[in-house]
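Q: You'll find my_file-v6.txt just under this line, and it carries compact mmCIF, C-alpha atoms.
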```txt
# COMPACT_ATOMS: atom_id res chain seq x y z
CA MET A 1 83.57 168.39 83.80
CA ASN A 2 81.03 166.93 86.20
CA GLY A 3 82.01 163.39 87.22
CA ARG A 4 78.51 162.48 88.36
CA VAL A 5 77.02 163.49 84.99
CA ILE A 6 79.61 161.41 83.15
CA LEU A 7 78.88 158.38 85.34
CA ARG A 8 75.13 158.73 84.85
CA VAL A 9 75.45 159.15 81.09
CA ALA A 10 77.69 156.05 80.99
CA LEU A 11 75.04 154.10 82.92
CA VAL A 12 72.30 155.24 80.52
CA ILE A 13 74.45 154.18 77.54
CA LEU A 14 75.06 150.75 79.12
CA LEU A 15 71.35 150.33 79.83
CA ALA A 16 70.46 151.28 76.24
CA LEU A 17 73.08 148.81 74.96
CA LEU A 18 71.63 145.99 77.07
CA VAL A 19 68.04 146.78 76.05
CA GLN A 20 69.07 146.97 72.37
CA SER A 21 70.93 143.64 72.36
CA THR A 22 68.32 141.71 74.35
CA VAL A 23 64.74 143.02 74.16
CA VAL A 24 64.91 145.16 71.02
CA LEU A 25 66.70 142.50 68.93
CA SER A 26 63.80 140.11 69.54
CA ILE A 27 61.42 142.61 67.92
CA ASN A 28 61.51 141.75 64.23
CA LEU A 29 59.16 143.55 61.86
CA GLY A 30 59.74 143.01 58.14
CA GLY A 31 63.24 141.72 58.95
CA MET A 32 64.15 144.93 60.75
CA HIS A 33 64.47 145.87 64.41
CA PRO A 34 64.41 149.30 66.09
CA ASP A 35 67.67 151.20 66.66
CA ILE A 36 67.37 152.91 70.02
CA VAL A 37 70.96 154.14 70.13
CA TRP A 38 70.11 157.32 68.22
CA LEU A 39 67.60 158.38 70.86
CA LEU A 40 70.46 159.12 73.26
CA PRO A 41 72.14 161.96 71.31
CA ILE A 42 68.74 163.25 70.16
CA THR A 43 67.34 163.57 73.69
CA ALA A 44 70.66 164.90 75.02
CA ALA A 45 70.66 167.56 72.30
CA LEU A 46 67.04 168.50 73.08
CA LEU A 47 67.86 168.85 76.78
CA ALA A 48 71.28 170.47 76.64
CA GLY A 49 72.11 171.69 73.16
CA PRO A 50 74.30 170.68 70.25
CA GLU A 51 77.64 170.27 72.03
CA THR A 52 76.31 167.87 74.67
CA GLY A 53 74.30 166.09 71.95
CA ALA A 54 77.48 165.58 69.93
CA ILE A 55 79.48 164.32 72.94
CA VAL A 56 76.75 161.90 74.07
CA GLY A 57 76.29 160.79 70.42
CA PHE A 58 80.01 160.11 70.03
CA PHE A 59 80.30 157.94 73.13
CA SER A 60 76.97 156.12 72.73
CA GLY A 61 77.82 155.40 69.07
CA LEU A 62 81.27 154.18 70.09
CA ALA A 63 79.77 151.86 72.73
CA PHE A 64 77.43 150.34 70.14
CA ASP A 65 80.32 150.03 67.68
CA LEU A 66 82.01 147.72 70.19
CA VAL A 67 79.29 145.08 69.80
CA LEU A 68 78.28 145.55 66.15
CA PRO A 69 79.94 143.97 63.11
CA THR A 70 79.86 147.28 61.20
CA PRO A 71 83.07 149.42 60.92
CA PHE A 72 84.36 150.52 64.32
CA GLY A 73 83.86 154.28 64.73
CA LEU A 74 80.99 154.60 62.25
CA GLY A 75 78.36 154.75 65.01
CA ALA A 76 80.44 157.36 66.86
CA LEU A 77 80.66 159.51 63.72
CA VAL A 78 76.93 159.32 63.01
CA GLY A 79 76.06 159.81 66.69
CA CYS A 80 78.02 163.04 67.07
CA LEU A 81 76.72 164.42 63.75
CA ILE A 82 73.10 163.65 64.66
CA GLY A 83 73.43 164.98 68.21
CA PHE A 84 74.95 168.22 66.97
CA SER A 85 72.47 168.62 64.08
CA VAL A 86 69.39 168.07 66.27
CA GLY A 87 70.71 170.48 68.91
CA ALA A 88 71.51 173.12 66.31
CA ALA A 89 68.18 172.68 64.50
CA VAL A 90 65.99 173.12 67.57
CA VAL A 91 67.92 175.96 69.19
CA ALA A 92 65.42 178.53 67.89
CA VAL A 93 62.37 176.46 68.91
CA ASP A 94 60.54 176.60 72.24
CA ALA A 95 62.04 173.61 74.10
CA ARG A 96 58.74 173.09 75.99
CA ALA A 97 56.69 172.50 72.81
CA SER A 98 54.96 169.12 73.15
CA TRP A 99 55.53 168.16 69.52
CA LEU A 100 59.26 168.78 69.61
CA ARG A 101 60.47 165.52 71.17
CA PRO A 102 58.47 163.07 68.98
CA VAL A 103 59.20 164.99 65.78
CA ALA A 104 62.92 165.31 66.57
CA ALA A 105 63.08 161.61 67.57
CA VAL A 106 61.44 160.36 64.37
CA ILE A 107 63.30 162.64 61.95
CA GLY A 108 66.59 162.29 63.83
CA SER A 109 66.47 158.48 64.04
CA VAL A 110 65.52 158.01 60.39
CA ALA A 111 68.21 160.50 59.30
CA ALA A 112 70.77 158.73 61.50
CA ASP A 113 70.05 155.32 59.98
CA MET A 114 70.20 156.75 56.48
CA LEU A 115 73.52 158.46 57.24
CA PHE A 116 74.85 155.27 58.85
CA SER A 117 74.13 153.17 55.78
CA VAL A 118 75.39 155.73 53.26
CA LEU A 119 78.62 156.40 55.18
CA GLY A 120 79.08 152.63 55.61
CA ALA A 121 78.83 152.21 51.83
CA ILE A 122 81.29 155.08 51.30
CA PHE A 123 83.73 153.30 53.64
CA GLY A 124 83.50 150.16 51.48
CA GLN A 125 80.65 148.22 53.11
CA GLN A 126 78.41 148.11 50.04
CA GLU A 127 76.02 145.66 51.69
CA MET A 128 74.87 148.42 54.05
CA VAL A 129 72.77 150.00 51.31
CA GLN A 130 71.37 146.66 50.08
CA ILE A 131 68.53 146.65 52.60
CA ASP A 132 64.80 147.33 52.65
CA PHE A 133 64.92 151.01 53.62
CA PHE A 134 61.15 151.44 53.72
CA SER A 135 60.73 148.72 56.39
CA LEU A 136 63.73 150.06 58.29
CA PHE A 137 62.42 153.61 58.38
CA VAL A 138 58.90 152.54 59.41
CA VAL A 139 60.21 150.35 62.26
CA VAL A 140 62.77 152.89 63.48
CA ALA A 141 60.30 155.80 63.30
CA ALA A 142 57.57 153.89 65.18
CA ALA A 143 59.98 152.72 67.89
CA SER A 144 61.45 156.21 68.30
CA LEU A 145 57.97 157.65 68.68
CA VAL A 146 57.16 155.17 71.46
CA LEU A 147 60.52 155.24 73.23
CA VAL A 148 61.41 158.92 73.09
CA LEU A 149 59.61 159.68 76.35
CA PRO A 150 61.42 157.08 78.53
CA ALA A 151 64.71 157.89 76.78
CA SER A 152 64.16 161.56 77.47
CA ARG A 153 63.41 160.87 81.15
CA LEU A 154 66.58 158.82 81.48
CA MET A 155 68.70 161.46 79.79
CA HIS A 156 67.10 164.13 81.96
CA TRP A 157 68.11 162.13 85.06
CA ALA A 158 71.63 161.72 83.68
CA LEU A 159 72.30 165.29 82.62
CA ILE A 160 70.51 167.41 85.19
CA THR A 161 72.36 167.72 88.45
CA ASP A 162 72.42 170.32 91.21
CA GLY A 163 72.44 173.87 89.96
CA ASN A 164 70.58 172.89 86.78
CA ARG A 165 73.80 172.18 84.91
CA ARG A 166 72.63 170.34 81.84
CA SER A 167 75.77 169.53 79.99
CA LEU A 168 79.01 167.63 80.01
CA VAL A 169 80.95 170.87 79.68
CA PRO A 170 81.89 173.26 82.54
CA ALA A 171 79.02 175.32 83.95
CA HIS A 172 80.73 178.67 83.34
CA ALA A 173 80.72 177.95 79.62
CA ASN A 174 76.93 177.76 79.59
CA GLU A 175 76.21 181.30 80.63
CA GLY A 176 73.75 183.07 78.38
CA GLY A 177 72.35 180.02 76.58
CA ILE A 178 70.54 176.70 77.00
CA TRP A 179 73.87 175.09 77.86
CA MET B 1 80.24 185.90 73.72
CA ALA B 2 77.71 184.16 71.46
CA ARG B 3 80.37 183.97 68.74
CA SER B 4 82.82 182.36 71.17
CA ARG B 5 80.19 179.76 72.14
CA ARG B 6 79.51 178.95 68.50
CA SER B 7 83.23 178.60 67.81
CA ARG B 8 83.65 176.19 70.70
CA ARG B 9 80.66 174.09 69.59
CA THR B 10 82.11 173.89 66.10
CA LEU B 11 85.53 172.99 67.49
CA THR B 12 84.00 170.19 69.63
CA LEU B 13 82.20 168.79 66.58
CA VAL B 14 85.32 168.96 64.43
CA VAL B 15 87.40 167.18 67.11
CA LEU B 16 84.78 164.40 67.49
CA VAL B 17 84.44 163.94 63.71
CA VAL B 18 88.22 163.78 63.23
CA LEU B 19 88.47 161.29 66.12
CA SER B 20 85.71 159.12 64.59
CA LEU B 21 87.32 159.19 61.15
CA SER B 22 90.67 158.22 62.69
CA ILE B 23 89.08 155.24 64.46
CA ILE B 24 87.34 154.15 61.23
CA SER B 25 90.64 154.42 59.33
CA LEU B 26 92.39 152.27 61.94
CA ASP B 27 89.63 149.67 61.67
CA LEU B 28 89.55 149.53 57.89
CA ASN B 29 93.34 149.54 57.46
CA GLY B 30 94.60 145.96 57.23
CA ARG B 31 97.80 146.74 59.18
CA THR B 32 96.14 148.48 62.13
CA HIS B 33 92.91 146.45 62.20
CA SER B 34 94.33 144.30 65.02
CA ILE B 35 94.22 147.34 67.36
CA THR B 36 90.46 147.89 66.96
CA SER B 37 89.67 144.17 66.88
CA GLY B 38 91.65 143.83 70.14
CA VAL B 39 89.60 146.61 71.75
CA LYS B 40 86.39 144.95 70.50
CA SER B 41 87.55 141.60 71.84
CA VAL B 42 88.21 143.00 75.32
CA ALA B 43 84.89 144.86 75.36
CA ASN B 44 83.11 141.72 74.19
CA GLY B 45 84.70 139.72 77.00
CA VAL B 46 83.33 142.17 79.55
CA TYR B 47 79.95 142.77 77.93
CA SER B 48 78.93 139.22 76.90
CA PRO B 49 78.44 137.83 80.46
CA LEU B 50 76.44 140.93 81.39
CA ARG B 51 74.22 140.54 78.34
CA GLN B 52 73.80 136.81 79.00
CA ALA B 53 72.72 137.53 82.57
CA VAL B 54 70.01 139.88 81.29
CA VAL B 55 68.90 137.28 78.71
CA ASP B 56 68.75 134.60 81.44
CA VAL B 57 66.48 136.84 83.48
CA ILE B 58 64.10 138.01 80.74
CA SER B 59 63.91 134.96 78.43
CA PRO B 60 61.76 132.77 80.74
CA ILE B 61 59.22 135.59 80.91
CA GLY B 62 59.16 135.96 77.12
CA ASP B 63 59.04 132.17 76.62
CA PHE B 64 56.09 131.88 79.00
CA PHE B 65 53.99 134.39 77.05
CA ALA B 66 55.12 133.07 73.65
CA GLY B 67 54.29 129.49 74.72
CA ALA B 68 50.86 130.47 76.00
CA VAL B 69 49.99 132.32 72.80
CA HIS B 70 51.41 129.80 70.30
CA TYR B 71 50.66 126.49 72.07
CA GLY B 72 48.62 124.99 69.18
CA ALA B 73 51.13 126.02 66.53
CA LEU B 74 54.01 124.60 68.59
CA GLN B 75 52.26 121.22 68.90
CA SER B 76 51.68 121.11 65.15
CA GLU B 77 55.28 122.12 64.46
CA ASN B 78 56.54 119.42 66.83
CA GLN B 79 54.60 116.76 64.90
CA LYS B 80 56.01 118.00 61.61
CA LEU B 81 59.54 117.93 63.01
CA GLN B 82 59.08 114.35 64.28
CA SER B 83 57.96 113.34 60.81
CA THR B 84 60.95 115.13 59.22
CA ILE B 85 63.38 113.41 61.61
CA GLY B 86 61.92 110.03 60.62
CA SER B 87 62.34 110.63 56.91
CA LEU B 88 65.85 112.02 57.41
CA ARG B 89 66.87 108.91 59.38
CA GLN B 90 65.61 106.75 56.55
CA ARG B 91 67.46 108.82 53.96
CA GLU B 92 70.65 108.76 56.05
CA ALA B 93 70.55 104.97 56.12
CA GLU B 94 70.12 104.89 52.33
CA LYS B 95 72.96 107.32 51.76
CA GLY B 96 75.39 105.51 54.06
CA PHE B 97 76.85 103.28 51.34
CA GLU B 98 77.16 106.12 48.83
CA ASN B 99 78.91 108.30 51.40
CA THR B 100 81.46 105.61 52.15
CA GLN B 101 82.27 105.31 48.47
CA LEU B 102 82.47 109.07 48.04
CA ARG B 103 84.78 109.42 51.05
CA ASN B 104 87.12 106.87 49.57
CA VAL B 105 87.25 108.75 46.27
CA MET B 106 87.83 112.08 48.00
CA ALA B 107 90.54 110.58 50.18
CA LEU B 108 92.27 109.33 47.07
CA GLN B 109 92.26 112.84 45.65
CA ASN B 110 93.63 114.17 48.94
CA LEU B 111 90.69 116.57 49.43
CA ALA B 112 89.26 117.46 52.79
CA PHE B 113 85.81 115.98 53.09
CA LEU B 114 83.51 117.76 55.48
CA ASP B 115 82.66 114.58 57.42
CA ALA B 116 86.31 114.05 58.16
CA LEU B 117 86.76 117.54 59.58
CA PRO B 118 86.20 118.28 63.27
CA THR B 119 83.24 120.51 64.08
CA VAL B 120 81.98 122.34 67.16
CA MET B 121 78.28 122.78 67.72
CA ALA B 122 77.33 126.35 68.64
CA GLU B 123 74.16 128.04 69.74
CA THR B 124 73.09 131.25 68.05
CA ILE B 125 72.81 133.93 70.71
CA GLU B 126 72.09 136.93 68.50
CA VAL B 127 70.54 137.15 65.05
CA ARG B 128 71.32 140.18 62.91
CA SER B 129 72.62 142.52 65.62
CA SER B 130 72.67 145.32 63.03
CA ASN B 131 69.99 146.15 60.48
CA PHE B 132 72.74 146.76 57.95
CA THR B 133 74.53 143.41 57.91
CA LEU B 134 73.40 139.79 57.74
CA THR B 135 75.28 138.27 60.65
CA ILE B 136 74.66 136.00 63.61
CA THR B 137 76.57 135.75 66.87
CA ILE B 138 77.37 132.28 68.23
CA ASP B 139 78.30 131.18 71.75
CA LYS B 140 81.64 129.65 70.76
CA GLY B 141 84.85 131.61 70.39
CA ARG B 142 88.62 131.34 70.40
CA SER B 143 88.58 129.35 73.63
CA ASP B 144 86.70 126.61 71.73
CA GLY B 145 89.09 126.68 68.78
CA VAL B 146 86.96 128.99 66.62
CA GLU B 147 89.00 131.34 64.41
CA VAL B 148 88.26 133.96 61.78
CA ASN B 149 87.45 132.55 58.28
CA MET B 150 86.21 129.18 59.57
CA PRO B 151 83.10 127.93 57.70
CA ILE B 152 79.76 127.56 59.46
CA VAL B 153 77.31 124.87 58.37
CA GLY B 154 73.72 124.33 59.40
CA ALA B 155 70.66 122.38 58.41
CA GLY B 156 71.07 121.76 54.68
CA GLY B 157 74.40 123.37 53.87
CA LEU B 158 76.76 126.30 54.20
CA VAL B 159 75.55 129.07 56.48
CA GLY B 160 78.47 131.49 56.38
CA GLN B 161 81.94 132.26 57.62
CA VAL B 162 83.38 133.58 60.89
CA ILE B 163 84.39 137.25 60.50
CA GLN B 164 85.12 138.10 64.14
CA ALA B 165 86.30 135.67 66.84
CA PHE B 166 86.27 136.75 70.48
CA HIS B 167 87.17 134.73 73.57
CA HIS B 168 83.75 133.10 74.11
CA THR B 169 81.71 134.30 71.12
CA ALA B 170 82.10 134.80 67.38
CA VAL B 171 80.34 136.77 64.66
CA VAL B 172 79.33 134.89 61.51
CA GLN B 173 78.67 136.57 58.17
CA LEU B 174 75.82 134.76 56.39
CA ILE B 175 76.29 133.73 52.76
CA THR B 176 73.43 136.08 51.79
CA ASP B 177 75.28 139.14 53.16
CA GLY B 178 76.35 141.64 50.50
CA GLN B 179 80.05 141.15 51.37
CA SER B 180 79.94 137.34 51.15
CA LYS B 181 81.69 135.54 48.27
CA VAL B 182 81.92 131.76 48.01
CA GLY B 183 83.83 129.86 45.33
CA VAL B 184 81.58 127.04 44.03
CA THR B 185 81.63 124.09 41.69
CA PHE B 186 78.72 122.41 39.91
CA GLY B 187 77.85 120.03 37.09
CA ASN B 188 80.79 118.72 35.16
CA ALA B 189 83.46 120.55 37.20
CA TYR B 190 82.24 124.02 36.24
CA THR B 191 83.14 126.79 38.69
CA GLY B 192 81.84 130.20 39.71
CA THR B 193 81.50 132.56 42.66
CA VAL B 194 78.28 132.89 44.67
CA ASP B 195 77.77 136.52 45.72
CA GLY B 196 75.43 137.52 48.53
CA GLN B 197 73.12 140.40 47.63
CA GLY B 198 71.69 141.32 51.02
CA PRO B 199 68.28 140.51 52.48
CA VAL B 200 66.21 141.86 49.60
CA ALA B 201 67.72 140.28 46.45
CA PRO B 202 68.61 136.60 45.80
CA MET B 203 72.24 135.44 45.66
CA THR B 204 73.86 135.47 42.23
CA VAL B 205 76.65 133.44 40.63
CA ASP B 206 79.48 135.27 38.88
CA LEU B 207 82.22 134.13 36.53
CA VAL B 208 80.14 131.47 34.75
CA PRO B 209 80.55 131.66 30.94
CA PRO B 210 77.35 132.08 28.87
CA HIS B 211 75.52 128.89 27.81
CA THR B 212 77.21 126.74 30.47
CA PRO B 213 75.06 123.58 30.83
CA LEU B 214 72.79 124.16 33.85
CA HIS B 215 69.38 123.16 35.04
CA LYS B 216 66.93 124.65 37.49
CA GLY B 217 67.45 123.13 40.94
CA GLU B 218 71.10 122.25 40.25
CA LYS B 219 73.11 122.19 43.48
CA LEU B 220 76.29 124.19 43.94
CA PHE B 221 79.08 123.03 46.28
CA THR B 222 82.09 124.83 47.71
CA SER B 223 85.18 124.38 45.60
CA SER B 224 88.82 124.39 46.59
CA LEU B 225 89.32 127.38 44.28
CA ASP B 226 88.93 131.01 45.41
CA ALA B 227 92.24 130.69 47.32
CA GLY B 228 90.78 127.67 49.15
CA ALA B 229 88.54 129.82 51.37
CA PHE B 230 86.30 126.81 52.10
CA PRO B 231 86.86 123.07 52.24
CA PRO B 232 85.42 121.53 49.07
CA GLY B 233 82.09 119.72 48.97
CA ILE B 234 79.84 121.76 51.28
CA PRO B 235 76.40 122.29 49.68
CA VAL B 236 75.87 126.03 49.16
CA GLY B 237 72.74 126.65 47.12
CA ARG B 238 70.30 125.61 44.44
CA VAL B 239 69.88 127.34 41.06
CA THR B 240 66.52 129.09 40.83
CA SER B 241 66.92 130.87 37.48
CA PHE B 242 69.50 131.36 34.73
CA HIS B 243 69.78 133.03 31.37
CA ALA B 244 72.40 134.56 29.12
CA GLY B 245 71.43 137.77 27.35
CA ALA B 246 72.62 138.44 23.81
CA GLY B 247 76.27 139.46 23.95
CA ALA B 248 76.52 138.84 27.68
CA SER B 249 79.98 137.93 28.93
CA GLN B 250 78.59 135.59 31.58
CA GLU B 251 75.51 133.58 32.51
CA SER B 252 73.10 135.41 34.78
CA ILE B 253 72.25 132.96 37.58
CA THR B 254 70.27 133.35 40.80
CA VAL B 255 70.62 130.93 43.68
CA THR B 256 68.73 130.18 46.88
CA PRO B 257 70.67 128.90 49.92
CA LEU B 258 70.32 125.20 50.74
CA ALA B 259 70.65 125.90 54.45
CA ASN B 260 67.52 127.28 56.07
CA LEU B 261 68.83 130.67 57.18
CA ASN B 262 65.65 131.35 59.13
CA GLN B 263 66.29 128.38 61.45
CA LEU B 264 69.74 128.93 62.88
CA ALA B 265 69.24 128.14 66.56
CA TYR B 266 72.19 125.74 66.36
CA VAL B 267 75.00 125.62 63.82
CA ASP B 268 78.27 123.72 63.39
CA VAL B 269 81.61 125.48 63.18
CA VAL B 270 83.95 123.54 60.90
CA LEU B 271 87.36 123.71 62.57
CA TRP B 272 89.14 124.27 59.30
CA SER B 273 91.16 127.31 58.35
CA PRO B 274 92.11 128.24 54.80
CA PRO B 275 95.74 127.47 53.98
CA ALA B 276 98.00 130.48 54.61
```
Here is the file; what I need is its structure written in the form of structure tokens.
A:
Amino acid sequence: MNGRVILRVALVILLALLVQSTVVLSINLGGMHPDIVWLLPITAALLAGPETGAIVGFFSGLAFDLVLPTPFGLGALVGCLIGFSVGAAVVAVDARASWLRPVAAVIGSVAADMLFSVLGAIFGQQEMVQIDFFSLFVVVAAASLVLVLPASRLMHWALITDGNRRSLVPAHANEGGIW
Amino acid sequence: MARSRRSRRTLTLVVLVVLSLSIISLDLNGRTHSITSGVKSVANGVYSPLRQAVVDVISPIGDFFAGAVHYGALQSENQKLQSTIGSLRQREAEKGFENTQLRNVMALQNLAFLDALPTVMAETIEVRSSNFTLTITIDKGRSDGVEVNMPIVGAGGLVGQVIQAFHHTAVVQLITDGQSKVGVTFGNAYTGTVDGQGPVAPMTVDLVPPHTPLHKGEKLFTSSLDAGAFPPGIPVGRVTSFHAGAGASQESITVTPLANLNQLAYVDVVLWSPPA
């Protein structure tokens, strides 16, 4: 495991957390604000595949769980599922396609929020499905579309080190594939 | 080789999912909840100053642009507020005598009256940190005497209840949140429970028998029932509609909060904990 990659990913997660709880929270459209946390596993999965997407999703979700009033661990669960799903879904697609990042960001973020609310309700937090989903999806999709490029740049900086190792797992495990 | 890679990916996912589910179980289990709340408390202690530093840096920039854009509206709002303060001062003077009498009666009945309870003023530092819950975060925590379950009041009435208390901050669940339940009394000692329904639907009142005497605009106050979760007498809401369908087991009532939940820059924490 590459210590520098871990440190950089941790810094990116902290930066996203600070941006979410300061700048993003002040953006209020229809009572909803963007959720930028999901962009981290989505961009990690696009850059380095499903396993890295799941690991980044788990830890970024867990970091956000620390400061949210929702059940602790729920963000980690949704993050790893979304990271893995996005990575697995795009594995057969040309990673250089220009449409891939915005489409994956919009669909992934909306799916993540839907999963978050449904799983929250399953775990007993019924209020998590008593929201205006249309407004939420519009706000989250629009923000993901705008922010996917900077998020992708940051994740690229965090994951790509010398020798083009793009994952949090040992380099020898990546032979023969994208990661 | 490809099969081995797929197996390892699947194994990683399974491990992470099991780990997440274990953490959720610890958090939701009443006996082990203290472990996760302790972790959250420590993380909050580290993260809050960092977040505040960022806010201190960026808020003057945001305020400058907001002030420049909304200067006219701010002047008009300031005039309205001055007028409101004047009328409230007048009303306060009129109510002084009635309040004294009411306090005496309440004292005789050995009930905690809100005015007699100590409060701590808190500033709201975060509104609705999650899209999925109706909560605010305040800048007072355990070091200021704030504990879980303490009531929060604001302009007009009850705002909510503390659900998480950290060292210097606390999270407050608003009365409109879907998980919120407040025992209330109204009219001639009738009782019920005000249930939050989330941001989209109005609050409702449960456990009120059909054809209970009510009128539109009737005020509801916290009661000492519902295991004494709130001190009695805090204004909660105003009835906006009511009806009892044929054969209904209870009156169907909707309520709007008396506190203005869109203006929560400052709130008061009532330093009162429910009896054990």
Q: Please determine, counting only C-alpha atoms, which residue among B:Asn131, B:Gln161, B:Thr169, B:Thr240 has the shortest atom-to-atom distance to chain A.
A: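 Smallest separation from chain A among the options: B:Asn131.
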Q: Could you give me, as a ChimeraX atom specification, the residues within 9 Å of Phe84 (chain A), counting all atoms listed in the file and dropping anything in the same chain fewer than 2 positions from it?
A: /A:41-42,45,49-55,57,79-82,86-89 /B:9,13
Q: Could you please select, counting only C-alpha atoms, the residues of chain B within 8 Å of chain A and state them as a PyMOL selection string?
A: chain B and resi 5+9+12-13+16-17+20-21+23-24+27-28+36+39-40+43-44+51+54-55+126-133+135+164+171+177-179+197-200
Q: Please report, as AutoDock Vina command-line options, the centre and edge lengths in Å to one decimal of an axis-aligned box covering all listed atoms of region 74-89 of chain A with 3 Å per side.
A:
```
--center_x 74.6 --center_y 163.9 --center_z 65.6 --size_x 18.8 --size_y 24.5 --size_z 12.7
```
Q: Report as a JSON list (two decimals) with C-alpha atoms, in the coordinates of the input all protein, DNA and RNA residues lying within 9 Å of Thr204 (chain B), evaluated on all atoms listed in the file, omitting residues in the same chain fewer than 2 positions from it.
A:
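Result file part_12.json:
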```json
[["chain", "number", "residue", "atom", "x", "y", "z"],
["B", 193, "THR", "CA", 81.50, 132.56, 42.66],
["B", 194, "VAL", "CA", 78.28, 132.89, 44.67],
["B", 195, "ASP", "CA", 77.77, 136.52, 45.72],
["B", 196, "GLY", "CA", 75.43, 137.52, 48.53],
["B", 197, "GLN", "CA", 73.12, 140.40, 47.63],
["B", 201, "ALA", "CA", 67.72, 140.28, 46.45],
["B", 202, "PRO", "CA", 68.61, 136.60, 45.80],
["B", 206, "ASP", "CA", 79.48, 135.27, 38.88],
["B", 252, "SER", "CA", 73.10, 135.41, 34.78],
["B", 253, "ILE", "CA", 72.25, 132.96, 37.58],
["B", 254, "THR", "CA", 70.27, 133.35, 40.80],
["B", 255, "VAL", "CA", 70.62, 130.93, 43.68],
["B", 256, "THR", "CA", 68.73, 130.18, 46.88]]
```
Q: Considering all atoms listed in the file, state which residue in the set B:Val46, B:Val269, B:Leu134, B:Met121 is at the smallest distance from Asn149 (chain B).
A: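 Residue with the minimum atom-to-atom distance to Asn149 (chain B): B:Val269.
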Q: One decimal, in Å: what's the spacing between CA of Gly45 (chain B) and CA of His168 (chain B)?
A: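 About the pair CA of Gly45 (chain B) and CA of His168 (chain B): they are 7.3 Å apart.
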Q: Between CA of Ala142 (chain A) and CA of Gly30 (chain A), what is the distance in Å, rounded to a tenth?
A: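 If I compute the distance from CA of Ala142 (chain A) to CA of Gly30 (chain A), I get 13.1 Å.
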Q: Taking all atoms listed in the file into account, which of A:Leu47, A:Ala105, A:Val37, A:Leu29 comes nearest Met155 (chain A)?
A: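 Counting all atoms listed in the file, the residue closest to Met155 (chain A) is A:Leu47.
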Q: Can you work out which one of B:Asn262, B:Gln75, B:Thr119, B:Thr124 has the shortest atom-to-atom distance to Asp144 (chain B), counting only C-alpha atoms?
A: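 Of B:Asn262, B:Gln75, B:Thr119, B:Thr124, the one nearest Asp144 (chain B), counting only C-alpha atoms, is B:Thr119.
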